[in-house]
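Below: one structure, written as structure tokens.
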Amino acid sequence: MQPGAFSACTFEISDRRIIVWNPLSSSARRSSDIAHELGHILLKHQVQNVHVVGEMTFFGCDPEEEQEANWLAGCLLLPRQLLLTHVRRGMSAEDIAEEFLVSVPMVNYRLRVTGTLQQIRR
Ligand SMILES: [Zn+2]
């Protein structure tokens, strides 16, 4: 077990989903990884392929579904209205990252792609 060797995965056991994450990851990385897995669950993605590396077996979704899960993860972690409210209060990207246990690059990414920065500047 190493910090970057494994992020997270979801197991389906009868009607339950169990997300397992790397406890050695930073809290920001962990939040992102868990939100990504939640994205797969909410979007009802199914396992598309199986990779075997050494003695480990990994299940994956198709690349488009990975993008969808990534996008939804960002929306779940930092909804546009939340960003707008906190930026209007004068919070910096660093403040928002600390408050919501996400990385500063994630906050900056969401500020850009949601149009929040453009709206604040008008
Ligand atoms: Zn994924």
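Quick note on naming: the chains in the structure tokens go A, B, ... in the order shown, residues restart at 1 in each chain, and ligands are numbered from 1 in order of appearance.
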
What are the closest atom pairs, with distances in Å to one decimal, for all residues of chain A lying within 7 Å of ligand 1? Consider only C-alpha atoms and all ligand atoms, order rows by chain and residue number, and present the result as a Markdown table.
```
| residue | atom | partner | partner_atom_place_in_ligand_line | distance |
| --- | --- | --- | --- | --- |
| A:His36 | CA | ligand 1 | 1 (Zn) | 6.2 |
| A:Glu37 | CA | ligand 1 | 1 (Zn) | 6.2 |
| A:His40 | CA | ligand 1 | 1 (Zn) | 6.6 |
| A:Gly60 | CA | ligand 1 | 1 (Zn) | 6.6 |
| A:Cys61 | CA | ligand 1 | 1 (Zn) | 6.3 |
| A:Glu66 | CA | ligand 1 | 1 (Zn) | 4.7 |
| A:Ala69 | CA | ligand 1 | 1 (Zn) | 6.2 |
```

Query raised in the report: For Thr114 in chain A, which of A:Ile18, A:Leu43, A:Leu84, A:Ile13 is the closest residue, counting only C-alpha atoms?
Result: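 Smallest distance to Thr114 in chain A is found for A:Leu84.
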
Query raised in the report: Near Gln81 in chain A, counting only C-alpha atoms, which residues have an atom at most 12 Å away, once you skip same-chain residues fewer than 3 positions from it, shown as JSON, numbers by chain?
Result: {"A": [75, 76, 77, 78, 84, 85, 86, 87, 88, 110, 111, 114, 115, 116, 119, 120]}

**Report entry** For CA of Trp21 in chain A and CA of Ala35 in chain A, the interatomic separation in Å (one decimal)
**Finding:**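 Going from CA of Trp21 in chain A over to CA of Ala35 in chain A, I get 10.8 Å.
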